[in-house]
>>> print(open('final39.tsv').read())   # TSV, C-alpha atoms
chain	number	residue	atom	x	y	z
P	1	ILE	CA	-3.73	-88.32	323.85
P	2	PRO	CA	-4.34	-91.84	322.65
P	3	SER	CA	-5.63	-94.47	324.91
P	4	PHE	CA	-3.14	-97.23	325.70
P	5	ILE	CA	-5.90	-99.53	326.84
P	6	PRO	CA	-7.90	-101.10	324.04
P	7	SER	CA	-11.58	-100.24	324.08
P	8	ALA	CA	-14.06	-102.90	325.07
P	9	ASN	CA	-16.02	-102.36	321.87
P	10	PRO	CA	-13.61	-101.69	319.02
P	11	THR	CA	-14.86	-100.10	315.91
P	12	SER	CA	-15.96	-102.43	313.14
P	13	LEU	CA	-13.56	-100.91	310.71
P	14	PRO	CA	-9.93	-100.22	311.54
P	15	SER	CA	-8.70	-96.71	311.39
P	16	PHE	CA	-6.13	-96.14	308.73
P	17	SER	CA	-5.07	-92.85	310.23
P	18	PRO	CA	-2.25	-93.29	312.71
P	19	SER	CA	-2.71	-91.87	316.12
P	20	SER	CA	-0.62	-88.91	317.02
P	21	ILE	CA	1.30	-91.15	319.36
P	22	PRO	CA	1.59	-94.81	318.33
P	23	SER	CA	0.60	-97.55	320.71
P	24	PHE	CA	3.58	-99.42	322.10
P	25	ILE	CA	1.58	-102.03	323.93
P	26	PRO	CA	0.87	-105.15	321.86
P	27	SER	CA	-2.59	-106.51	321.81
P	28	ILE	CA	-3.34	-109.13	324.42
P	29	GLU	CA	-4.69	-111.65	321.95
P	30	SER	CA	-3.23	-112.38	318.56
P	31	SER	CA	-5.46	-112.21	315.59
P	32	SER	CA	-6.76	-115.44	314.12
P	33	LEU	CA	-4.95	-114.74	310.88
P	34	PRO	CA	-1.40	-113.52	310.80
P	35	THR	CA	-0.91	-109.93	309.92
P	36	HIS	CA	1.30	-110.87	306.97
P	37	TYR	CA	0.17	-114.06	305.34
P	38	PRO	CA	1.55	-115.23	301.97
P	39	SER	CA	-0.40	-114.76	298.83
P	40	SER	CA	-1.56	-117.76	296.84
P	41	LEU	CA	1.45	-117.23	294.56
P	42	PRO	CA	4.79	-116.64	296.26
P	43	SER	CA	6.00	-113.09	296.15
P	44	PHE	CA	9.22	-114.24	294.45
P	45	VAL	CA	7.57	-115.89	291.44
P	46	PRO	CA	8.23	-113.66	288.46
P	47	SER	CA	5.25	-112.33	286.63
P	48	PHE	CA	4.58	-113.80	283.21
P	49	PRO	CA	5.92	-110.76	281.44
P	50	PRO	CA	9.09	-109.75	283.26
P	51	SER	CA	8.80	-106.66	285.35
P	52	HIS	CA	11.79	-105.26	283.53
P	53	VAL	CA	11.42	-106.00	279.86
P	54	PRO	CA	14.75	-105.52	278.10
P	55	SER	CA	14.76	-102.66	275.71
P	56	GLY	CA	15.59	-103.11	272.09
P	57	SER	CA	18.90	-101.43	272.73
P	58	PRO	CA	20.98	-102.18	275.80
P	59	SER	CA	20.63	-99.71	278.62
P	60	ILE	CA	24.39	-99.20	278.63
P	61	LEU	CA	25.46	-98.42	275.13
P	62	PRO	CA	29.12	-98.91	274.24
P	63	SER	CA	30.96	-95.71	273.68
P	64	LEU	CA	31.81	-94.72	270.17
P	65	TYR	CA	35.45	-95.37	270.93
P	66	PRO	CA	35.64	-98.06	273.60
P	67	THR	CA	38.52	-97.84	276.07
P	68	LEU	CA	39.68	-101.35	275.15
P	69	LEU	CA	39.15	-101.03	271.43
P	70	PRO	CA	41.23	-103.84	269.88
P	71	SER	CA	44.04	-102.77	267.61
P	72	THR	CA	44.07	-103.67	263.95
P	73	PHE	CA	46.60	-106.36	264.82
P	74	PRO	CA	45.67	-107.73	268.27
P	75	THR	CA	48.65	-108.58	270.45
P	76	LEU	CA	47.32	-112.06	271.18
P	77	LEU	CA	46.40	-112.93	267.62
P	78	PRO	CA	48.44	-116.00	266.66
P	79	SER	CA	50.43	-115.49	263.51
P	80	SER	CA	51.30	-118.22	261.05
P	81	LEU	CA	54.84	-117.90	262.41
P	82	PRO	CA	55.18	-117.25	266.16
P	83	THR	CA	56.63	-113.90	267.11
P	84	ILE	CA	60.20	-114.62	268.16
P	85	SER	CA	62.90	-112.04	268.65
P	86	ASN	CA	65.43	-112.31	265.87
P	87	THR	CA	68.79	-113.52	267.11
P	88	CYS	CA	70.69	-112.16	264.14
P	89	LYS	CA	70.94	-108.40	263.65
P	90	SER	CA	72.16	-106.71	260.53
P	91	GLY	CA	75.96	-106.67	260.48
P	92	GLN	CA	76.19	-108.29	263.89
P	93	GLY	CA	77.90	-111.51	262.86
P	94	ASP	CA	77.58	-114.86	264.61
P	95	VAL	CA	75.90	-114.91	268.03
P	96	ILE	CA	76.63	-117.34	270.87
P	97	VAL	CA	73.23	-118.23	272.28
P	98	PHE	CA	74.45	-120.70	274.92
P	99	LYS	CA	77.80	-121.54	276.51
P	100	ASP	CA	78.54	-123.67	279.55
P	101	ASP	CA	81.64	-125.44	280.84
P	102	PHE	CA	79.56	-126.77	283.79
P	103	GLU	CA	82.07	-125.54	286.38
P	104	SER	CA	79.19	-123.88	288.25
P	105	MET	CA	77.29	-127.20	288.33
P	106	ASP	CA	74.10	-125.38	287.37
P	107	GLY	CA	71.61	-128.00	286.21
P	108	SER	CA	68.67	-125.65	285.67
P	109	GLY	CA	66.92	-126.33	282.40
P	110	TRP	CA	68.30	-129.84	282.01
P	111	SER	CA	65.98	-132.85	282.17
P	112	VAL	CA	68.73	-134.83	283.92
P	113	SER	CA	71.59	-133.05	285.66
P	114	GLU	CA	74.40	-135.06	287.22
P	115	PHE	CA	77.88	-133.62	287.62
P	116	THR	CA	81.32	-135.08	288.17
P	117	SER	CA	84.51	-133.25	289.11
P	118	SER	CA	87.98	-134.68	288.54
P	119	VAL	CA	91.56	-133.45	288.33
P	120	SER	CA	91.94	-134.38	284.66
P	121	LEU	CA	88.54	-133.31	283.29
P	122	SER	CA	87.49	-130.63	285.84
P	123	THR	CA	83.67	-130.48	286.20
P	124	TYR	CA	81.39	-131.89	283.50
P	125	LEU	CA	77.85	-133.16	282.94
P	126	GLY	CA	77.89	-136.89	283.69
P	127	ARG	CA	78.78	-139.66	284.20
P	128	PHE	CA	76.05	-141.39	282.22
P	129	HIS	CA	76.05	-145.16	281.84
P	130	LEU	CA	73.87	-148.26	281.44
P	131	PHE	CA	71.11	-146.86	283.66
P	132	HIS	CA	70.80	-143.73	281.49
P	133	VAL	CA	70.54	-145.23	278.01
P	134	ASP	CA	66.79	-144.65	277.70
P	135	PHE	CA	65.77	-141.38	276.09
P	136	ALA	CA	63.76	-140.28	279.15
P	137	ASP	CA	66.78	-140.86	281.43
P	138	SER	CA	69.22	-138.91	279.26
P	139	PRO	CA	70.20	-135.25	279.67
P	140	GLY	CA	68.24	-132.89	277.44
P	141	ARG	CA	67.59	-129.17	277.24
P	142	THR	CA	65.68	-126.67	275.07
P	143	PHE	CA	67.55	-123.71	273.59
P	144	THR	CA	66.03	-120.56	272.12
P	145	VAL	CA	67.89	-119.76	268.90
P	146	GLY	CA	65.50	-117.40	267.07
P	147	ASN	CA	64.15	-118.08	263.61
P	148	ASN	CA	66.46	-116.10	261.36
P	149	PRO	CA	69.98	-117.62	261.66
P	150	GLU	CA	71.18	-119.39	258.55
P	151	SER	CA	72.23	-122.35	260.70
P	152	ILE	CA	72.98	-123.33	264.28
P	153	SER	CA	76.40	-124.62	265.27
P	154	VAL	CA	76.64	-127.04	268.21
P	155	GLU	CA	80.06	-127.84	269.67
P	156	PHE	CA	80.94	-129.89	272.73
P	157	ASP	CA	83.44	-132.33	274.19
P	158	PHE	CA	82.31	-135.92	274.51
P	159	TYR	CA	84.15	-137.91	277.18
P	160	GLU	CA	84.51	-141.60	276.35
P	161	ILE	CA	85.27	-143.08	279.76
P	162	ASP	CA	86.54	-146.64	280.37
P	163	SER	CA	85.89	-149.75	278.28
P	164	TRP	CA	83.70	-148.60	275.39
P	165	ASP	CA	83.44	-151.37	272.81
P	166	ALA	CA	82.57	-150.99	269.14
P	167	GLY	CA	81.67	-154.68	269.06
P	168	SER	CA	78.82	-153.89	271.43
P	169	ASN	CA	77.84	-150.86	269.35
P	170	ASP	CA	78.62	-148.42	272.17
P	171	ARG	CA	77.76	-145.01	270.77
P	172	LEU	CA	76.62	-141.46	271.38
P	173	VAL	CA	73.25	-140.35	270.00
P	174	VAL	CA	72.25	-136.67	269.83
P	175	THR	CA	68.56	-136.05	269.07
P	176	VAL	CA	67.54	-132.68	267.64
P	177	GLU	CA	63.90	-131.69	268.23
P	178	GLY	CA	62.37	-128.56	266.74
P	179	ASP	CA	60.11	-128.06	263.75
P	180	THR	CA	61.17	-131.60	262.94
P	181	THR	CA	63.03	-134.33	264.83
P	182	GLN	CA	66.20	-136.17	263.88
P	183	SER	CA	68.73	-138.33	265.74
P	184	VAL	CA	72.43	-138.23	264.82
P	185	ILE	CA	74.58	-141.25	265.70
P	186	PHE	CA	78.26	-140.88	266.60
P	187	GLY	CA	80.39	-144.01	266.77
P	188	PRO	CA	80.61	-146.82	267.62
P	189	PHE	CA	83.57	-146.20	269.92
P	190	SER	CA	86.26	-148.46	271.34
P	191	HIS	CA	88.70	-147.66	274.12
P	192	GLY	CA	92.31	-147.33	273.08
P	193	THR	CA	91.54	-146.34	269.48
P	194	ASN	CA	91.56	-142.96	267.75
P	195	ASP	CA	87.89	-142.90	266.85
P	196	SER	CA	86.83	-140.11	264.50
P	197	GLY	CA	84.28	-139.61	261.76
P	198	SER	CA	82.07	-137.19	259.83
P	199	GLY	CA	78.91	-137.22	257.77
P	200	SER	CA	75.46	-135.74	257.22
P	201	THR	CA	72.07	-136.86	258.52
P	202	SER	CA	68.87	-135.27	257.15
P	203	GLY	CA	70.63	-131.98	256.50
P	204	ILE	CA	72.59	-131.96	259.77
P	205	SER	CA	76.31	-132.10	259.08
P	206	TRP	CA	78.49	-133.47	261.86
P	207	SER	CA	81.99	-134.57	262.77
P	208	TYR	CA	83.92	-135.88	265.75
P	209	ASP	CA	87.64	-136.16	266.33
P	210	HIS	CA	90.06	-137.40	269.00
P	211	THR	CA	92.70	-135.69	271.12
P	212	ASN	CA	95.36	-138.40	271.00
P	213	PRO	CA	97.19	-137.78	267.72
P	214	ASP	CA	100.36	-139.36	269.08
P	215	GLY	CA	98.52	-142.58	269.93
P	216	ILE	CA	99.28	-142.31	273.63
P	217	PHE	CA	96.22	-143.10	275.73
P	218	GLU	CA	95.86	-142.49	279.42
P	219	ASN	CA	93.36	-142.91	282.16
P	220	LEU	CA	91.57	-139.62	282.76
P	221	GLU	CA	88.58	-140.69	284.82
P	222	GLY	CA	86.81	-143.73	286.21
P	223	ASN	CA	88.28	-147.22	286.25
P	224	SER	CA	92.09	-147.01	286.31
P	225	LYS	CA	92.52	-150.16	284.19
P	226	TRP	CA	91.04	-148.46	281.11
P	227	SER	CA	92.20	-145.53	279.00
P	228	ASP	CA	89.83	-142.69	278.17
P	229	GLU	CA	89.35	-140.29	275.27
P	230	ILE	CA	88.12	-136.75	274.67
P	231	HIS	CA	86.22	-136.30	271.42
P	232	PRO	CA	85.52	-132.76	270.16
P	233	VAL	CA	82.14	-132.91	268.39
P	234	LYS	CA	80.68	-130.41	265.91
P	235	MET	CA	77.18	-130.22	264.41
P	236	SER	CA	75.62	-127.77	261.97
P	237	ILE	CA	71.81	-127.66	262.07
P	238	PRO	CA	69.97	-125.98	259.15
P	239	ASP	CA	67.11	-123.53	259.64
P	240	SER	CA	64.48	-126.08	258.62
P	241	TYR	CA	64.71	-127.36	262.21
P	242	TYR	CA	63.87	-124.05	263.92
P	243	GLU	CA	62.60	-121.41	261.45
P	244	LYS	CA	59.00	-121.75	262.68
P	245	GLY	CA	59.37	-122.36	266.39
P	246	GLY	CA	62.68	-120.58	267.03
P	247	GLU	CA	63.81	-123.35	269.41
P	248	ILE	CA	65.72	-126.60	269.32
P	249	ARG	CA	65.95	-129.27	271.99
P	250	LEU	CA	69.05	-131.43	272.23
P	251	THR	CA	69.11	-134.77	274.06
P	252	PHE	CA	72.38	-136.66	274.57
P	253	GLN	CA	72.19	-140.44	274.91
P	254	PHE	CA	75.26	-142.39	275.94
P	255	ILE	CA	74.41	-145.88	274.68
P	256	VAL	CA	76.53	-148.44	276.56
P	257	ASN	CA	75.79	-151.87	277.97
P	258	GLN	CA	77.81	-151.74	281.17
P	259	PRO	CA	77.25	-149.91	284.47
P	260	TYR	CA	79.08	-146.97	285.96
P	261	HIS	CA	82.32	-148.72	286.98
P	262	ASP	CA	83.00	-150.11	283.47
P	263	GLU	CA	81.55	-147.76	280.81
P	264	SER	CA	80.27	-144.22	281.05
P	265	GLY	CA	80.25	-140.91	279.23
P	266	GLY	CA	80.26	-137.21	279.88
P	267	LEU	CA	79.46	-133.88	278.20
P	268	ASP	CA	81.50	-130.70	278.59
P	269	ASN	CA	82.21	-127.27	277.07
P	270	LEU	CA	78.89	-126.96	275.23
P	271	ILE	CA	78.65	-123.96	272.88
P	272	ILE	CA	75.65	-123.18	270.66
P	273	THR	CA	76.18	-120.46	268.05
P	274	ALA	CA	73.72	-118.79	265.66
P	275	ARG	CA	75.38	-118.45	262.26
P	276	CYS	CA	74.07	-115.17	260.92
P	277	PRO	CA	73.94	-114.07	257.28
>>> encode(input="final39.tsv", output="C-alpha cells")
Amino acid sequence: IPSFIPSANPTSLPSFSPSSIPSFIPSIESSSLPTHYPSSLPSFVPSFPPSHVPSGSPSILPSLYPTLLPSTFPTLLPSSLPTISNTCKSGQGDVIVFKDDFESMDGSGWSVSEFTSSVSLSTYLGRFHLFHVDFADSPGRTFTVGNNPESISVEFDFYEIDSWDAGSNDRLVVTVEGDTTQSVIFGPFSHGTNDSGSGSTSGISWSYDHTNPDGIFENLEGNSKWSDEIHPVKMSIPDSYYEKGGEIRLTFQFIVNQPYHDESGGLDNLIITARCP
C-alpha cells in the first residue's frame, strides 16, 4: 500500500515505476522548474527535412479508369460555333419563334415595357415619345432564332399616333444586333399622308405600308385633333446576323421631337418567323 504522505528524505533519484496505487495528493511545494517546460526550439517548428517526405509517386494513385474521366469531346469545351439547338428541322417548314399581340401586357424580356389599351387599337406596347428617343430608353428584346434558318422574318404593326412630321424627320428606327449590328430607318412620317416605302439595308430587306387606301384618316388614339395611321412593317434578316450566335436583338426607336400629348408611337402584333430551307 503506497504511502500518501511524502517521506521526509526522498530518494535522490525518482522512481520510474508507478506505484500500484497512484498518489492523488499533490505535492505541497511546487518544483522550481515546471514539469513541462518548452524546449529551446518550439515543438511546432518543422524539422529541416520534413517528417513526412513526399514519395516519388503520390500516396493515392489515380485509378486506371478515373470515375470522372473526361470524354473525348468535353461537354464544356467551347466550339468555334456555340452549340445551339437548330430551329429548322428537315421537312418542318417555317417556324414561328415569337408571337405577341401584347393583350396579356407581359413585359418580361423587354428592356422597356409600357402598355396602352384603347378601344381602337386594343392593347399594344407604347406609347413612346420624346422622352424615349434615346437608344437606352427604347424597347428592346433578345430572341433566340437558332443558327440554321435561311432567314428571319420580322413583322409588326407600327402605330403612328398624332402629329408626326416629315419636316422634323420623325421616323422609326429598328436596330438589329447579333453577329453584326445594323439599324434600319423607316420614314420619315407625316400625319394625314399614306406613308409607305421599301428598300434594303446591309442585306436586310424591308417594307412598310399603310392601312388607309381610301385616303380617309381618323383619330385612333391620343390627341383627338390629329389623325393616326397603322403601318404594317416587314423585315427579312439574312443568316449572317445570327449564324454564329443563334440570337438577334431588336430595339425599336420612335424618333419624334414632341412629348406624349402631341407625337408618340406604338408597337403591336409582333411575329418573328424562322424561314427554313
>>> residues_around(input="final39.tsv", residues="Gly246 of chain P", least_positions_apart="4", cutoff="7 Å", atoms="only C-alpha atoms", output="ChimeraX atom specification")
/P:84,144-147,242
>>> residues_around(input="final39.tsv", residues="Val133 of chain P", least_positions_apart="4", cutoff="8 Å", atoms="only C-alpha atoms", output="PyMOL selection string")
chain P and resi 128-129+137-138+253-256
>>> atom_distance(input="final39.tsv", atom1="atom CA of His132 of chain P", atom2="atom CA of Ser183 of chain P")
16.8 Å
>>> atom_distance(input="final39.tsv", atom1="atom CA of Glu247 of chain P", atom2="atom CA of Thr142 of chain P")
6.8 Å
>>> atom_distance(input="final39.tsv", atom1="atom CA of Asn257 of chain P", atom2="atom CA of Leu130 of chain P")
5.4 Å
>>> residues_around(input="final39.tsv", residues="Met235 of chain P", least_positions_apart="4", cutoff="6 Å", atoms="all atoms listed in the file", output="MDAnalysis selection string")
chainID P and resid 153:154 205:206
>>> residues_near_point(input="final39.tsv", point="(67.2, -130.8, 268.9)", cutoff="10 Å", atoms="all atoms listed in the file", output="ChimeraX atom specification")
/P:140-143,174-184,237,241-242,247-252
>>> closest_residue(input="final39.tsv", among="P:Phe102, P:Tyr208, P:Tyr159, P:Trp164", to="Ser120 of chain P", atoms="all atoms listed in the file")
P:Tyr159
>>> residues_around(input="final39.tsv", residues="Gly91 of chain P", least_positions_apart="6", cutoff="12 Å", atoms="only C-alpha atoms", output="list of chain:residue names")
P:Arg275, P:Cys276, P:Pro277
>>> write_last_selection(input="final39.tsv", atoms="C-alpha atoms", output="mmCIF file, in the frame of the given file")
data_model
loop_
_atom_site.group_PDB
_atom_site.id
_atom_site.type_symbol
_atom_site.label_atom_id
_atom_site.label_comp_id
_atom_site.auth_asym_id
_atom_site.auth_seq_id
_atom_site.Cartn_x
_atom_site.Cartn_y
_atom_site.Cartn_z
ATOM 1 C CA ARG P 275 75.380 -118.450 262.260
ATOM 2 C CA CYS P 276 74.070 -115.170 260.920
ATOM 3 C CA PRO P 277 73.940 -114.070 257.280
#
>>> residues_around(input="final39.tsv", residues="Gly93 of chain P", least_positions_apart="2", cutoff="12 Å", atoms="all atoms listed in the file", output="MDAnalysis selection string")
chainID P and resid 87:91 95:96 149:150 273:277
>>> closest_residue(input="final39.tsv", among="P:Val119, P:Thr211, P:Asp106, P:Ser151", to="Ser240 of chain P", atoms="only C-alpha atoms")
P:Ser151
>>> closest_residue(input="final39.tsv", among="P:His191, P:Val233, P:Glu243, P:Ser198", to="Asp262 of chain P", atoms="all atoms listed in the file")
P:His191
>>> closest_residue(input="final39.tsv", among="P:Ser200, P:Ser207, P:Asn269, P:Ser163", to="Lys225 of chain P", atoms="only C-alpha atoms")
P:Ser163
>>> closest_residue(input="final39.tsv", among="P:Ile230, P:Met105, P:Ile272, P:Leu121", to="Ile152 of chain P", atoms="all atoms listed in the file")
P:Ile272
>>> decode(input="final39.tsv", residues="segment 114-131 of chain P", atoms="N, CA and C atoms", output="PDB file, in the first residue's frame")
ATOM      1  N   GLU P 114     -43.914  49.417 -71.572  1.00  0.00           N
ATOM      2  CA  GLU P 114     -45.047  50.274 -71.236  1.00  0.00           C
ATOM      3  C   GLU P 114     -46.191  49.873 -72.151  1.00  0.00           C
ATOM      4  N   PHE P 115     -47.391  49.787 -71.594  1.00  0.00           N
ATOM      5  CA  PHE P 115     -48.530  49.320 -72.372  1.00  0.00           C
ATOM      6  C   PHE P 115     -49.654  50.340 -72.335  1.00  0.00           C
ATOM      7  N   THR P 116     -50.400  50.374 -73.448  1.00  0.00           N
ATOM      8  CA  THR P 116     -51.567  51.231 -73.550  1.00  0.00           C
ATOM      9  C   THR P 116     -52.713  50.400 -74.099  1.00  0.00           C
ATOM     10  N   SER P 117     -53.899  50.594 -73.558  1.00  0.00           N
ATOM     11  CA  SER P 117     -55.098  49.924 -74.053  1.00  0.00           C
ATOM     12  C   SER P 117     -56.085  50.974 -74.532  1.00  0.00           C
ATOM     13  N   SER P 118     -56.678  50.736 -75.694  1.00  0.00           N
ATOM     14  CA  SER P 118     -57.669  51.656 -76.236  1.00  0.00           C
ATOM     15  C   SER P 118     -58.732  50.859 -76.986  1.00  0.00           C
ATOM     16  N   VAL P 119     -59.854  51.500 -77.259  1.00  0.00           N
ATOM     17  CA  VAL P 119     -60.940  50.837 -77.975  1.00  0.00           C
ATOM     18  C   VAL P 119     -60.525  50.531 -79.405  1.00  0.00           C
ATOM     19  N   SER P 120     -59.840  51.463 -80.044  1.00  0.00           N
ATOM     20  CA  SER P 120     -59.497  51.312 -81.464  1.00  0.00           C
ATOM     21  C   SER P 120     -58.313  50.380 -81.698  1.00  0.00           C
ATOM     22  N   LEU P 121     -57.314  50.420 -80.817  1.00  0.00           N
ATOM     23  CA  LEU P 121     -56.070  49.678 -81.056  1.00  0.00           C
ATOM     24  C   LEU P 121     -55.866  48.523 -80.078  1.00  0.00           C
ATOM     25  N   SER P 122     -56.829  48.278 -79.196  1.00  0.00           N
ATOM     26  CA  SER P 122     -56.714  47.263 -78.147  1.00  0.00           C
ATOM     27  C   SER P 122     -55.460  47.536 -77.294  1.00  0.00           C
ATOM     28  N   THR P 123     -54.709  46.511 -76.913  1.00  0.00           N
ATOM     29  CA  THR P 123     -53.522  46.709 -76.071  1.00  0.00           C
ATOM     30  C   THR P 123     -52.262  46.568 -76.920  1.00  0.00           C
ATOM     31  N   TYR P 124     -51.328  47.480 -76.734  1.00  0.00           N
ATOM     32  CA  TYR P 124     -50.092  47.472 -77.515  1.00  0.00           C
ATOM     33  C   TYR P 124     -48.935  47.969 -76.656  1.00  0.00           C
ATOM     34  N   LEU P 125     -47.721  47.777 -77.158  1.00  0.00           N
ATOM     35  CA  LEU P 125     -46.512  48.239 -76.476  1.00  0.00           C
ATOM     36  C   LEU P 125     -46.301  49.705 -76.824  1.00  0.00           C
ATOM     37  N   GLY P 126     -46.378  50.575 -75.845  1.00  0.00           N
ATOM     38  CA  GLY P 126     -46.265  52.017 -76.082  1.00  0.00           C
ATOM     39  C   GLY P 126     -47.118  52.765 -75.053  1.00  0.00           C
ATOM     40  N   ARG P 127     -47.276  54.058 -75.125  1.00  0.00           N
ATOM     41  CA  ARG P 127     -46.822  54.909 -76.216  1.00  0.00           C
ATOM     42  C   ARG P 127     -45.441  55.474 -75.910  1.00  0.00           C
ATOM     43  N   PHE P 128     -44.621  55.535 -76.963  1.00  0.00           N
ATOM     44  CA  PHE P 128     -43.254  56.038 -76.830  1.00  0.00           C
ATOM     45  C   PHE P 128     -43.159  57.377 -77.543  1.00  0.00           C
ATOM     46  N   HIS P 129     -42.449  58.319 -76.933  1.00  0.00           N
ATOM     47  CA  HIS P 129     -42.468  59.696 -77.423  1.00  0.00           C
ATOM     48  C   HIS P 129     -41.113  60.347 -77.197  1.00  0.00           C
ATOM     49  N   LEU P 130     -41.100  61.670 -77.065  1.00  0.00           N
ATOM     50  CA  LEU P 130     -39.861  62.437 -76.976  1.00  0.00           C
ATOM     51  C   LEU P 130     -38.925  61.921 -75.891  1.00  0.00           C
ATOM     52  N   PHE P 131     -39.475  61.457 -74.781  1.00  0.00           N
ATOM     53  CA  PHE P 131     -38.638  61.028 -73.659  1.00  0.00           C
ATOM     54  C   PHE P 131     -38.118  59.607 -73.831  1.00  0.00           C
TER      55      PHE P 131
END
